[in-house]
Amino acid sequence: LRAPLRRLAAAPPAAARPARHLTTPSALTTKEISAAAAEKFEKSLASVQANFATLRTGRANAAILDRVVVSYYGVETPLKQLASVSAPTSTVVQVDPYDKGSIKDIEKAIMQADLGMMPNSDGSVIRLTVPQLTQDRRKEMVKTMKALAEDGKVAMRNVRRDAVDAVKKLEKDSEISKDESKTVQDELTKTTQKFEKEIEALAKTKEADMMKV
């Protein structure tokens with residue numbers, strides 16, 4: 001006969017762990033809000049400068065291919081990651097692929113980018129001759145540039161709006177005084193205007209460059 005099975009005594013319940021108090025991160029200070037906004041203003045300005053560089057001015061400039069994306073083995077890849085791009089003369093942009101087998105894909109991407117230039121390949125290097133812009137084409141490019149400038153200014157205004165909302169919340173929660181809130185908001189407005197003026201100065205310089213024959 002089998003010996004009767006012994007029942008194991010149930011282990012005493014583990015002592016209840018004390019509940020942990022979830023700590024919520026403290027609100028950003030006005031200094032941190034202003035610093036974060038300033039960083040975003042700088043990034044917006046840098047983005048506008050990068051976009052301006054891709055616009056043709058009638059002279060060869062390697063940056064005009066910065067926005068070209070190539071389907072490389074099925075993966076959308078920026079051209080500048082696949083090739084060395086340079087402007088050996090004032091009228092020629094040269095593309096030297098690291099992988100020579102990608103030349104056809106790069107040529108196709110350049111044509112799809114509709115840059116007004118036909119790529120010419122010798123099987124190793126791609127060359128693009130930069131044609132002189134007509135007056136009408138220059139005016140169209142200036143319109144495009146001004147639209148890019150306005151996009152940058154709108155982005156900065158959105159940054160200011162978000163920062164002001166954060167400051168107002170601090171005031172509402174009695175984290176800061178009404179006077180401090182107004183001071184910080186005024187500073188944010190001045191900083192926004194400062195960066196907007198920088199964009200306007202860049203746009204003015206770019207327009208003069210684009211209209212120069």
# chains A, B, ... in the order shown; residues from 1 in each chain; ligands from 1
>>> residues_around(residues="region 59-69 of chain A", least_positions_apart="3", cutoff="6 Å", atoms="only C-alpha atoms", output="list in words")
Ala53, Thr54, Leu55, Thr77, Pro78, Leu79, Val85, Ser86, Ala87, Ser90, Thr91, Val92, Val93 and Val130 of chain A
>>> residues_around(residues="Asn158 (chain A)", least_positions_apart="5", cutoff="12 Å", atoms="only C-alpha atoms", output="ChimeraX atom specification")
/A:37,40-41,44,151-153,163-165,188-189,192
>>> closest_atom_pairs(of="region 12-116 of chain A", to="region 205-211 of chain A", cutoff="9 Å", atoms="only C-alpha atoms", output="tab-separated table")
residue	atom	partner	partner_atom	distance
A:Phe52	CA	A:Lys206	CA	7.5
A:Leu55	CA	A:Met210	CA	8.7
A:Arg56	CA	A:Met210	CA	7.5
A:Thr57	CA	A:Met210	CA	4.7
A:Gly58	CA	A:Met210	CA	7.4
>>> atom_distance(atom1="CA of Ala149 (chain A)", atom2="CA of Val48 (chain A)")
6.4 Å
>>> atom_distance(atom1="CA of Ser47 (chain A)", atom2="CA of Asp136 (chain A)")
26.3 Å
